[in-house]
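J.: Next comes the structure file run.cif, holding mmCIF, C-alpha atoms.
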```cif
data_my_file
loop_
_atom_site.label_atom_id
_atom_site.label_comp_id
_atom_site.auth_asym_id
_atom_site.auth_seq_id
_atom_site.Cartn_x
_atom_site.Cartn_y
_atom_site.Cartn_z
CA MET A 1 0.00 0.00 0.00
CA ASP A 2 2.84 2.38 0.85
CA GLY A 3 4.39 1.70 -2.56
CA ILE A 4 1.14 2.58 -4.34
CA LEU A 5 0.79 5.80 -2.36
CA ALA A 6 4.41 6.76 -3.03
CA LEU A 7 4.03 6.14 -6.76
CA ALA A 8 0.72 8.01 -6.83
CA ALA A 9 2.32 10.95 -5.01
CA ALA A 10 5.21 11.00 -7.50
CA ASN A 11 2.74 10.84 -10.38
CA LEU A 12 0.66 13.67 -8.94
CA VAL A 13 3.60 16.08 -8.91
CA SER A 14 4.56 15.44 -12.53
CA PRO A 15 4.05 18.39 -14.94
CA ILE A 16 1.59 16.33 -16.98
CA ILE A 17 -0.79 15.62 -14.08
CA LEU A 18 -0.41 19.06 -12.54
CA SER A 19 -1.39 20.64 -15.86
CA PHE A 20 -4.64 18.69 -15.77
CA VAL A 21 -5.20 19.67 -12.12
CA LEU A 22 -4.64 23.34 -13.01
CA GLY A 23 -7.28 23.20 -15.74
CA LEU A 24 -9.71 21.32 -13.48
CA ALA A 25 -9.25 23.80 -10.63
CA ALA A 26 -9.59 26.79 -12.96
CA ALA A 27 -12.87 25.47 -14.38
CA LEU A 28 -14.31 24.63 -10.96
CA ALA A 29 -13.36 28.13 -9.75
CA ARG A 30 -15.17 29.57 -12.80
CA SER A 31 -12.03 31.18 -14.23
CA ASP A 32 -12.28 32.56 -17.76
CA LEU A 33 -9.19 30.56 -18.79
CA SER A 34 -9.94 28.77 -22.06
CA PHE A 35 -8.34 27.38 -25.19
CA PRO A 36 -9.54 28.47 -28.63
CA GLU A 37 -11.17 25.49 -30.29
CA ALA A 38 -8.72 25.53 -33.20
CA ILE A 39 -5.71 25.35 -30.85
CA ALA A 40 -7.24 22.53 -28.81
CA LYS A 41 -7.93 20.62 -32.04
CA GLY A 42 -4.36 21.24 -33.20
CA LEU A 43 -2.91 19.85 -29.97
CA SER A 44 -5.07 16.75 -30.36
CA LEU A 45 -3.95 16.24 -33.97
CA TYR A 46 -0.29 16.62 -32.99
CA LEU A 47 -0.56 14.03 -30.20
CA LEU A 48 -2.37 11.49 -32.38
CA PHE A 49 0.17 11.87 -35.19
CA ALA A 50 3.15 11.59 -32.84
CA ILE A 51 1.73 8.57 -31.02
CA GLY A 52 0.86 6.75 -34.22
CA PHE A 53 4.16 7.53 -35.96
CA LYS A 54 6.30 6.40 -33.04
CA GLY A 55 4.24 3.24 -32.67
CA GLY A 56 4.60 2.42 -36.38
CA ALA A 57 8.36 3.00 -36.26
CA GLY A 58 8.54 0.72 -33.25
CA VAL A 59 6.68 -2.05 -35.04
CA ALA A 60 8.99 -1.65 -38.04
CA ALA A 61 11.94 -2.23 -35.73
CA HIS A 62 10.21 -5.12 -33.95
CA GLY A 63 8.71 -6.84 -36.97
CA VAL A 64 5.29 -8.47 -37.37
CA ASP A 65 5.08 -11.76 -35.50
CA ALA A 66 2.61 -14.01 -33.72
CA ARG A 67 2.85 -12.01 -30.48
CA LEU A 68 1.80 -8.83 -32.26
CA VAL A 69 -1.17 -10.55 -33.90
CA ALA A 70 -2.19 -12.16 -30.59
CA ALA A 71 -2.03 -8.79 -28.82
CA LEU A 72 -4.24 -7.19 -31.48
CA LEU A 73 -6.79 -9.99 -31.16
CA ALA A 74 -6.74 -9.70 -27.38
CA GLY A 75 -7.41 -5.97 -27.66
CA VAL A 76 -10.39 -6.53 -29.95
CA VAL A 77 -11.83 -9.19 -27.62
CA LEU A 78 -11.46 -6.87 -24.62
CA SER A 79 -13.15 -4.03 -26.49
CA LEU A 80 -16.07 -6.31 -27.43
CA LEU A 81 -16.42 -7.80 -23.94
CA LEU A 82 -16.06 -4.77 -21.66
CA PRO A 83 -19.33 -3.07 -22.74
CA PHE A 84 -21.37 -6.08 -21.56
CA ILE A 85 -19.76 -5.89 -18.12
CA ALA A 86 -20.17 -2.11 -18.01
CA PHE A 87 -23.84 -2.38 -18.98
CA VAL A 88 -24.65 -4.85 -16.19
CA LEU A 89 -22.62 -2.94 -13.59
CA LEU A 90 -24.16 0.43 -14.42
CA ARG A 91 -27.72 -0.93 -14.46
CA SER A 92 -27.13 -2.60 -11.07
CA LEU A 93 -25.70 0.57 -9.46
CA SER A 94 -28.04 3.18 -10.91
CA LYS A 95 -31.47 3.70 -12.44
CA VAL A 96 -30.33 4.82 -15.90
CA SER A 97 -32.32 3.57 -18.86
CA ALA A 98 -31.18 0.67 -21.01
CA ILE A 99 -30.41 2.99 -23.91
CA ASP A 100 -28.26 5.30 -21.75
CA ALA A 101 -26.52 2.32 -20.17
CA ALA A 102 -25.71 0.91 -23.61
CA ALA A 103 -24.24 4.23 -24.74
CA VAL A 104 -22.12 4.52 -21.59
CA ALA A 105 -21.02 0.91 -22.01
CA GLY A 106 -19.71 1.69 -25.48
CA HIS A 107 -17.52 4.45 -24.06
CA TYR A 108 -16.05 2.07 -21.47
CA GLY A 109 -15.26 -0.63 -23.99
CA SER A 110 -13.26 1.79 -26.11
CA ILE A 111 -10.11 3.61 -24.96
CA SER A 112 -8.70 6.99 -23.97
CA ILE A 113 -5.53 7.56 -25.98
CA VAL A 114 -4.50 10.40 -23.62
CA THR A 115 -4.62 8.08 -20.60
CA PHE A 116 -2.52 5.63 -22.61
CA VAL A 117 0.03 8.37 -23.35
CA ALA A 118 0.15 9.48 -19.71
CA ALA A 119 0.87 5.91 -18.65
CA SER A 120 3.53 5.56 -21.35
CA SER A 121 5.19 8.75 -20.13
CA LEU A 122 5.23 7.49 -16.54
CA LEU A 123 6.75 4.17 -17.64
CA THR A 124 9.42 6.01 -19.63
CA GLY A 125 10.24 8.19 -16.63
CA LEU A 126 10.70 5.09 -14.49
CA GLY A 127 12.86 3.41 -17.12
CA ILE A 128 10.31 0.62 -17.77
CA ALA A 129 10.15 -0.56 -21.38
CA ALA A 130 6.97 -1.71 -23.11
CA GLU A 131 6.22 -3.43 -26.40
CA SER A 132 6.29 -0.85 -29.20
CA TYR A 133 3.20 -2.33 -30.84
CA MET A 134 0.90 -1.44 -27.94
CA VAL A 135 -0.17 1.69 -29.82
CA ALA A 136 -1.50 -0.63 -32.54
CA VAL A 137 -3.48 -2.47 -29.85
CA ALA A 138 -4.87 0.90 -28.72
CA ALA A 139 -6.03 1.65 -32.27
CA ALA A 140 -7.63 -1.81 -32.56
CA MET A 141 -9.65 -1.19 -29.37
CA GLU A 142 -11.25 2.06 -30.55
CA ALA A 143 -14.19 0.74 -32.58
CA PRO A 144 -15.32 -2.81 -31.57
CA ALA A 145 -17.01 -1.54 -28.41
CA ILE A 146 -19.39 0.53 -30.54
CA LEU A 147 -20.76 -2.66 -32.09
CA SER A 148 -21.30 -4.20 -28.65
CA ALA A 149 -23.10 -1.06 -27.48
CA LEU A 150 -25.45 -1.16 -30.47
CA TRP A 151 -26.22 -4.84 -29.84
CA LEU A 152 -27.02 -4.05 -26.20
CA ALA A 153 -29.25 -1.14 -27.20
CA THR A 154 -31.20 -3.36 -29.59
CA LYS A 155 -31.49 -6.49 -27.45
CA ARG A 156 -32.17 -4.85 -24.09
CA GLY A 157 -35.17 -2.81 -25.06
CA GLY A 158 -33.44 0.08 -26.68
CA LYS A 159 -33.77 1.23 -30.25
CA ALA A 160 -30.65 1.80 -32.31
CA GLU A 161 -30.89 3.94 -35.42
CA GLN A 162 -30.65 1.94 -38.62
CA VAL A 163 -28.24 4.29 -40.36
CA GLY A 164 -26.12 1.71 -42.15
CA GLY A 165 -23.36 3.31 -44.16
CA GLU A 166 -23.48 6.57 -42.20
CA LEU A 167 -22.70 4.76 -38.97
CA TRP A 168 -19.91 2.69 -40.51
CA ARG A 169 -18.46 5.86 -41.95
CA GLU A 170 -18.51 7.46 -38.49
CA ILE A 171 -16.84 4.40 -36.96
CA LEU A 172 -14.18 3.72 -39.58
CA LEU A 173 -13.50 7.25 -40.82
CA ASN A 174 -13.60 9.04 -37.48
CA GLY A 175 -10.81 11.63 -37.64
CA SER A 176 -8.92 10.38 -34.59
CA ILE A 177 -8.88 6.79 -35.86
CA VAL A 178 -7.84 7.80 -39.38
CA LEU A 179 -4.99 9.99 -38.12
CA LEU A 180 -3.76 7.45 -35.59
CA LEU A 181 -3.77 4.57 -38.09
CA GLY A 182 -2.43 6.74 -40.91
CA ALA A 183 0.49 8.03 -38.84
CA PHE A 184 1.11 4.45 -37.67
CA ALA A 185 1.33 3.31 -41.31
CA ILE A 186 3.74 6.14 -42.18
CA GLY A 187 5.93 5.28 -39.20
CA TRP A 188 5.84 1.60 -40.13
CA VAL A 189 6.84 2.29 -43.74
CA THR A 190 9.61 4.79 -42.96
CA GLY A 191 10.87 3.03 -39.83
CA GLU A 192 13.69 4.33 -37.67
CA LYS A 193 15.05 6.45 -40.52
CA GLY A 194 11.75 8.34 -40.75
CA LEU A 195 11.65 8.76 -36.98
CA ALA A 196 15.15 10.22 -37.00
CA GLU A 197 14.12 12.73 -39.69
CA ILE A 198 11.24 14.22 -37.71
CA GLY A 199 12.30 13.28 -34.18
CA SER A 200 12.89 16.92 -33.27
CA PHE A 201 9.21 17.56 -34.02
CA ILE A 202 7.44 14.53 -32.50
CA VAL A 203 9.80 13.43 -29.72
CA GLU A 204 11.33 16.41 -27.89
CA PRO A 205 8.22 18.68 -27.81
CA PHE A 206 5.83 15.82 -27.05
CA LYS A 207 5.54 16.15 -23.27
CA GLY A 208 5.18 19.93 -23.45
CA VAL A 209 2.32 19.64 -25.92
CA LEU A 210 0.77 16.91 -23.76
CA CYS A 211 0.84 19.29 -20.78
CA LEU A 212 -1.08 21.92 -22.75
CA PHE A 213 -3.56 19.33 -24.00
CA LEU A 214 -4.21 18.05 -20.47
CA LEU A 215 -4.64 21.63 -19.26
CA ASP A 216 -7.46 21.92 -21.79
CA MET A 217 -8.83 18.51 -20.77
CA GLY A 218 -8.89 19.70 -17.17
CA LEU A 219 -10.93 22.72 -18.20
CA VAL A 220 -13.37 20.53 -20.12
CA ALA A 221 -13.68 18.03 -17.25
CA GLY A 222 -14.21 20.80 -14.70
CA ARG A 223 -16.96 22.42 -16.73
CA GLY A 224 -18.61 19.02 -17.15
CA LEU A 225 -18.53 18.41 -13.39
CA ARG A 226 -19.96 21.87 -12.72
CA GLY A 227 -22.89 21.10 -15.00
CA SER A 228 -23.41 17.53 -13.84
CA ARG A 229 -26.03 18.32 -11.20
CA GLY A 230 -29.01 16.11 -11.91
CA VAL A 231 -27.00 14.01 -14.39
CA LEU A 232 -24.75 11.94 -12.13
CA SER A 233 -26.31 9.89 -9.34
CA PRO A 234 -24.15 8.40 -6.56
CA GLY A 235 -24.52 5.02 -8.23
CA ALA A 236 -23.30 6.38 -11.57
CA VAL A 237 -20.26 7.95 -9.87
CA ALA A 238 -19.55 4.62 -8.16
CA PHE A 239 -19.69 2.98 -11.58
CA GLY A 240 -17.20 5.52 -12.96
CA LEU A 241 -14.75 4.54 -10.23
CA LEU A 242 -15.36 0.77 -10.17
CA MET A 243 -15.47 0.04 -13.89
CA PRO A 244 -11.82 1.06 -14.47
CA LEU A 245 -10.76 -1.41 -11.79
CA VAL A 246 -12.77 -4.19 -13.44
CA GLY A 247 -11.26 -3.36 -16.82
CA ALA A 248 -7.74 -3.23 -15.36
CA VAL A 249 -8.11 -6.72 -13.88
CA LEU A 250 -9.22 -8.10 -17.25
CA GLY A 251 -6.32 -6.26 -18.92
CA LEU A 252 -3.95 -7.79 -16.38
CA ALA A 253 -5.24 -11.27 -17.16
CA GLY A 254 -4.89 -10.63 -20.88
CA GLY A 255 -1.38 -9.25 -20.54
CA LEU A 256 -0.24 -12.24 -18.49
CA ALA A 257 -1.79 -14.67 -20.98
CA LEU A 258 0.05 -12.93 -23.84
CA GLY A 259 3.35 -12.99 -21.98
CA LEU A 260 3.81 -9.22 -22.22
CA SER A 261 6.56 -7.38 -20.39
CA LEU A 262 5.74 -5.43 -17.23
CA GLY A 263 5.35 -2.25 -19.29
CA GLY A 264 3.14 -4.01 -21.83
CA VAL A 265 0.92 -5.46 -19.09
CA VAL A 266 0.52 -2.03 -17.51
CA LEU A 267 -0.43 -0.45 -20.84
CA LEU A 268 -3.01 -3.15 -21.60
CA MET A 269 -4.48 -2.62 -18.13
CA VAL A 270 -4.65 1.12 -18.75
CA LEU A 271 -6.33 0.63 -22.12
CA ALA A 272 -8.93 -1.71 -20.61
CA ALA A 273 -9.49 0.67 -17.68
CA SER A 274 -9.94 3.84 -19.73
CA ALA A 275 -13.03 5.24 -21.42
CA SER A 276 -13.41 7.01 -24.76
CA TYR A 277 -14.48 10.64 -25.01
CA ILE A 278 -13.55 11.26 -28.66
CA ALA A 279 -14.39 8.46 -31.10
CA VAL A 280 -17.34 6.81 -29.34
CA PRO A 281 -19.36 9.98 -28.60
CA ALA A 282 -19.35 10.80 -32.32
CA ALA A 283 -20.61 7.32 -33.21
CA MET A 284 -23.23 7.29 -30.44
CA ARG A 285 -24.57 10.62 -31.67
CA VAL A 286 -25.36 8.94 -34.98
CA ALA A 287 -26.45 5.51 -33.77
CA LEU A 288 -28.19 6.31 -30.47
CA PRO A 289 -29.43 9.89 -30.76
CA GLU A 290 -31.93 9.40 -27.94
CA ALA A 291 -29.15 8.56 -25.42
CA ASN A 292 -28.06 11.34 -23.05
CA PRO A 293 -24.51 12.36 -24.10
CA ALA A 294 -24.03 14.41 -20.92
CA LEU A 295 -24.11 11.23 -18.83
CA SER A 296 -21.55 9.37 -20.94
CA LEU A 297 -19.14 12.27 -21.34
CA THR A 298 -19.30 13.38 -17.71
CA LEU A 299 -18.62 9.85 -16.49
CA ALA A 300 -15.78 9.22 -18.96
CA LEU A 301 -14.11 12.63 -18.78
CA GLY A 302 -15.18 13.96 -15.38
CA VAL A 303 -14.93 10.82 -13.22
CA THR A 304 -12.94 7.99 -14.82
CA PHE A 305 -10.32 10.10 -16.61
CA PRO A 306 -9.17 12.02 -13.48
CA PHE A 307 -9.25 8.83 -11.41
CA ASN A 308 -7.02 7.00 -13.89
CA LEU A 309 -4.59 9.90 -14.22
CA THR A 310 -4.09 10.42 -10.51
CA PHE A 311 -4.52 7.08 -8.75
CA GLY A 312 -5.43 4.46 -11.34
CA ILE A 313 -2.19 4.30 -13.33
CA PRO A 314 0.06 3.96 -10.23
CA LEU A 315 -2.32 1.34 -8.83
CA TYR A 316 -2.26 -0.69 -12.05
CA MET A 317 1.52 -0.45 -12.18
CA MET A 318 1.97 -1.71 -8.64
CA LEU A 319 -0.53 -4.52 -9.20
CA ALA A 320 1.19 -5.62 -12.41
CA ALA A 321 4.58 -5.50 -10.70
CA ALA A 322 3.31 -7.58 -7.79
CA VAL A 323 1.69 -10.22 -10.00
CA THR A 324 4.58 -10.50 -12.45
CA GLY A 325 7.21 -10.37 -9.73
CA SER A 326 9.01 -7.53 -11.51
#
```
Represent the structure contained in this file as structure tokens.

T.:
Amino acid sequence: MDGILALAAANLVSPIILSFVLGLAAALARSDLSFPEAIAKGLSLYLLFAIGFKGGAGVAAHGVDARLVAALLAGVVLSLLLPFIAFVLLRSLSKVSAIDAAAVAGHYGSISIVTFVAASSLLTGLGIAAESYMVAVAAAMEAPAILSALWLATKRGGKAEQVGGELWREILLNGSIVLLLGAFAIGWVTGEKGLAEIGSFIVEPFKGVLCLFLLDMGLVAGRGLRGSRGVLSPGAVAFGLLMPLVGAVLGLAGGLALGLSLGGVVLLMVLAASASYIAVPAAMRVALPEANPALSLTLALGVTFPFNLTFGIPLYMMLAAAVTGS
């Protein structure tokens, strides 16, 4: 327990986490601090390109093998499975409708790429290596959860919109997914040589840009919490704190089964514990327009995201270290 608290304390005083805390505090205090939408979008695009490119270059150096394929399949299975667990847990802890529960479940089956990056940065700071292809696993876990959410909405009394091609376009051509996969492909094709050419752009400035992005995320989360009165019940908040732990345990089991390194296990736990607030909301807006987006976004961004950043990641790291004996 002391080790977890020490690691959490060290994580809390990192520039990345403190930037988020600053934004959160500013929003809760009703400061007029804000980011122009174009700048916030630019920061997001930079992070997605840098993450994807570095992941692709890492895979080029590693090579495609059975372990990579197995990790991708494990990620897809987790993304398909987690919404069913989230749906049951949320319905048991709160009185939300089946359609809202299905929409929330889709968010919790997908991933938060920013939480993934924060965990990667912490691992790097501690000198813990992880499999370079984990960013490909992150990309593979973006969309399958949406399909599970739609199945739940249809089978549990909800009514999913029959939008066909429009929905598939939203899922497969969502900007964040296209950029992440596209940058990954460029990094894979150009390899270490390509990374060396633009390393001064996507490596050195990365953490500084991440700090600014998390400052903006703190502002968004704080505003969401301020406006959450009447949206979040105590049971829904409990779900937002418990579901990451459930996902992390499943990620731990998957990482051990795959034989991942300590860093790889931690990253898979983080992916399974996180919740989407970019790709899935866009798809849910098309497929489940009657669902309440305020509930899903406030839970994912206002409850689960801060929990993972501050206490979740250190907890998952200590648990993985204890189980693997590292």

J.: For the PyMOL selection byres ((chain A and resi 192-199) around 12), applied here, can you spell out every residue it catches as an MDAnalysis selection string?

T.: chainID A and resid 49:62 183:191 200:206

J.: What's the separation between CA of Leu301 in chain A and CA of Thr124 in chain A, in Å to one decimal place?

T.: 24.5 Å

J.: Skipping near chain neighbours, those fewer than 5 positions away, what residues fall within 8 Å of range 81-83 of chain A using only C-alpha atoms, listed as an MDAnalysis selection string?

T.: chainID A and resid 102 105:109 145 148:149 247 272

J.: For the selection you just gave me, I'd like the residues written to a file as a PDB file, in the coordinates of the input, keeping C-alpha atoms.

T.:
```
ATOM      1  CA  ALA A 102     -25.710   0.910 -23.610  1.00  0.00           C
ATOM      2  CA  ALA A 105     -21.020   0.910 -22.010  1.00  0.00           C
ATOM      3  CA  GLY A 106     -19.710   1.690 -25.480  1.00  0.00           C
ATOM      4  CA  HIS A 107     -17.520   4.450 -24.060  1.00  0.00           C
ATOM      5  CA  TYR A 108     -16.050   2.070 -21.470  1.00  0.00           C
ATOM      6  CA  GLY A 109     -15.260  -0.630 -23.990  1.00  0.00           C
ATOM      7  CA  ALA A 145     -17.010  -1.540 -28.410  1.00  0.00           C
ATOM      8  CA  SER A 148     -21.300  -4.200 -28.650  1.00  0.00           C
ATOM      9  CA  ALA A 149     -23.100  -1.060 -27.480  1.00  0.00           C
ATOM     10  CA  GLY A 247     -11.260  -3.360 -16.820  1.00  0.00           C
ATOM     11  CA  ALA A 272      -8.930  -1.710 -20.610  1.00  0.00           C
TER      12      ALA A 272
END
```

J.: Enumerate, as a ChimeraX atom specification, the residues matched when the PyMOL selection byres ((chain A and resi 220) around 9) is run on the file above.

T.: /A:23-24,27,215-219,221-225,301-302

J.: Find the residues near range 275-279 of chain A: any atom within 6 Å, counting all atoms listed in the file, skip ones fewer than 3 places away on the same chain, and give them as a list in words.

T.: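 Once the adjacent positions are removed, what remains is His107, Tyr108, Ser110, Ile111, Ser112, Ala282 and Ala300 of chain A.
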
J.: To one decimal place in Å, what is the distance between CA of Val104 in chain A and CA of Ser296 in chain A?

T.: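 Interatomic distance, CA of Val104 in chain A to CA of Ser296 in chain A: 4.9 Å.
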
J.: Env of Ala40 in chain A: 9 Å cut, atoms = all atoms listed in the file, seq-sep filter 4 positions within chain, self excluded. Answer as a list of chain:residue names.

T.: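 Listed by chain and then number, they are A:Phe35, A:Pro36, A:Ser44, A:Leu45, A:Leu212, A:Phe213, A:Asp216.
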
J.: Quick one: write out the picked residues with C-alpha atoms as a PDB file, keeping the file's coordinate frame?

T.:
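What landed in result_16.pdb:
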```pdb
ATOM      1  CA  PHE A  35      -8.340  27.380 -25.190  1.00  0.00           C
ATOM      2  CA  PRO A  36      -9.540  28.470 -28.630  1.00  0.00           C
ATOM      3  CA  SER A  44      -5.070  16.750 -30.360  1.00  0.00           C
ATOM      4  CA  LEU A  45      -3.950  16.240 -33.970  1.00  0.00           C
ATOM      5  CA  LEU A 212      -1.080  21.920 -22.750  1.00  0.00           C
ATOM      6  CA  PHE A 213      -3.560  19.330 -24.000  1.00  0.00           C
ATOM      7  CA  ASP A 216      -7.460  21.920 -21.790  1.00  0.00           C
TER       8      ASP A 216
END
```

J.: So how many Å separate CA of Ser121 in chain A and CA of Ala86 in chain A, to one decimal?

T.: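 For CA of Ser121 in chain A relative to CA of Ala86 in chain A, the distance reads 27.7 Å.
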
J.: Can you work out which one of A:Val137, A:Val13, A:Ile39, A:Ala129 has the shortest atom-to-atom distance to Ala71 in chain A, counting only C-alpha atoms?

T.: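 Of the candidates, the smallest distance to Ala71 in chain A is held by A:Val137.
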
J.: Taking into account only C-alpha atoms, which residue in the set A:Met134, A:Ala238, A:Ala321, A:Leu245 is nearest to Leu73 in chain A?

T.: A:Met134

J.: Considering all atoms listed in the file, state which residue in the set A:Ile17, A:Leu232, A:Leu299, A:Leu43 is at the smallest distance from Leu122 in chain A.

T.: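 Closest to Leu122 in chain A of all the choices is A:Ile17.
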
J.: From the options A:Val117, A:Ala103, A:Leu258, A:Ala322, which residue's atoms come nearest to Pro289 in chain A, counting only C-alpha atoms?

T.: A:Ala103

J.: Name the residues that the PyMOL selection byres ((chain A and resi 256) around 12) pulls out of this structure, and write them as a ChimeraX atom specification.

T.: /A:71,74,249-255,257-266,268-269,320-321,323-325

J.: Identify, on the basis of all atoms listed in the file, every residue whose closest approach to Ala138 in chain A does not exceed 8 Å; exclude the query and any residue fewer than 3 positions from it along the same chain; express the result as JSON, numbers by chain.

T.: {"A": [75, 111, 113, 134, 135, 141, 142, 271]}

J.: Please, can range 51-59 of chain A be completed to all heavy atoms and returned as a PDB file, in the frame of the given file?

T.:
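Listed below is the output, rebuild19.pdb:
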```pdb
ATOM      1  N   ILE A  51       1.918   9.894 -31.615  1.00  0.00           N
ATOM      2  CA  ILE A  51       1.730   8.570 -31.020  1.00  0.00           C
ATOM      3  C   ILE A  51       1.725   7.494 -32.105  1.00  0.00           C
ATOM      4  O   ILE A  51       2.398   6.466 -31.992  1.00  0.00           O
ATOM      5  CB  ILE A  51       0.397   8.527 -30.244  1.00  0.00           C
ATOM      6  CG1 ILE A  51       0.444   9.479 -29.056  1.00  0.00           C
ATOM      7  CG2 ILE A  51       0.094   7.101 -29.763  1.00  0.00           C
ATOM      8  CD1 ILE A  51      -0.927   9.812 -28.517  1.00  0.00           C
ATOM      9  N   GLY A  52       0.944   7.732 -33.151  1.00  0.00           N
ATOM     10  CA  GLY A  52       0.860   6.750 -34.220  1.00  0.00           C
ATOM     11  C   GLY A  52       2.183   6.544 -34.928  1.00  0.00           C
ATOM     12  O   GLY A  52       2.590   5.404 -35.181  1.00  0.00           O
ATOM     13  N   PHE A  53       2.888   7.634 -35.237  1.00  0.00           N
ATOM     14  CA  PHE A  53       4.160   7.530 -35.960  1.00  0.00           C
ATOM     15  C   PHE A  53       5.179   6.752 -35.145  1.00  0.00           C
ATOM     16  O   PHE A  53       5.848   5.851 -35.670  1.00  0.00           O
ATOM     17  CB  PHE A  53       4.689   8.918 -36.298  1.00  0.00           C
ATOM     18  CG  PHE A  53       5.804   8.917 -37.305  1.00  0.00           C
ATOM     19  CD1 PHE A  53       5.549   9.205 -38.633  1.00  0.00           C
ATOM     20  CD2 PHE A  53       7.099   8.597 -36.927  1.00  0.00           C
ATOM     21  CE1 PHE A  53       6.575   9.188 -39.575  1.00  0.00           C
ATOM     22  CE2 PHE A  53       8.128   8.579 -37.852  1.00  0.00           C
ATOM     23  CZ  PHE A  53       7.873   8.870 -39.187  1.00  0.00           C
ATOM     24  N   LYS A  54       5.319   7.095 -33.880  1.00  0.00           N
ATOM     25  CA  LYS A  54       6.300   6.400 -33.040  1.00  0.00           C
ATOM     26  C   LYS A  54       5.946   4.931 -32.879  1.00  0.00           C
ATOM     27  O   LYS A  54       6.824   4.068 -32.859  1.00  0.00           O
ATOM     28  CB  LYS A  54       6.409   7.092 -31.683  1.00  0.00           C
ATOM     29  CG  LYS A  54       7.101   8.449 -31.750  1.00  0.00           C
ATOM     30  CD  LYS A  54       7.358   9.039 -30.371  1.00  0.00           C
ATOM     31  CE  LYS A  54       6.098   9.517 -29.720  1.00  0.00           C
ATOM     32  NZ  LYS A  54       6.373  10.206 -28.435  1.00  0.00           N
ATOM     33  N   GLY A  55       4.652   4.635 -32.766  1.00  0.00           N
ATOM     34  CA  GLY A  55       4.240   3.240 -32.670  1.00  0.00           C
ATOM     35  C   GLY A  55       4.551   2.474 -33.941  1.00  0.00           C
ATOM     36  O   GLY A  55       5.036   1.339 -33.894  1.00  0.00           O
ATOM     37  N   GLY A  56       4.299   3.082 -35.108  1.00  0.00           N
ATOM     38  CA  GLY A  56       4.600   2.420 -36.380  1.00  0.00           C
ATOM     39  C   GLY A  56       6.088   2.181 -36.551  1.00  0.00           C
ATOM     40  O   GLY A  56       6.508   1.111 -37.021  1.00  0.00           O
ATOM     41  N   ALA A  57       6.903   3.170 -36.173  1.00  0.00           N
ATOM     42  CA  ALA A  57       8.360   3.000 -36.260  1.00  0.00           C
ATOM     43  C   ALA A  57       8.823   1.888 -35.334  1.00  0.00           C
ATOM     44  O   ALA A  57       9.729   1.109 -35.673  1.00  0.00           O
ATOM     45  CB  ALA A  57       9.058   4.307 -35.914  1.00  0.00           C
ATOM     46  N   GLY A  58       8.186   1.788 -34.175  1.00  0.00           N
ATOM     47  CA  GLY A  58       8.540   0.720 -33.250  1.00  0.00           C
ATOM     48  C   GLY A  58       8.204  -0.657 -33.784  1.00  0.00           C
ATOM     49  O   GLY A  58       8.980  -1.607 -33.635  1.00  0.00           O
ATOM     50  N   VAL A  59       7.058  -0.765 -34.439  1.00  0.00           N
ATOM     51  CA  VAL A  59       6.680  -2.050 -35.040  1.00  0.00           C
ATOM     52  C   VAL A  59       7.617  -2.407 -36.184  1.00  0.00           C
ATOM     53  O   VAL A  59       7.981  -3.573 -36.370  1.00  0.00           O
ATOM     54  CB  VAL A  59       5.212  -2.005 -35.520  1.00  0.00           C
ATOM     55  CG1 VAL A  59       4.887  -3.214 -36.393  1.00  0.00           C
ATOM     56  CG2 VAL A  59       4.268  -1.951 -34.331  1.00  0.00           C
TER      57      VAL A  59
END
```
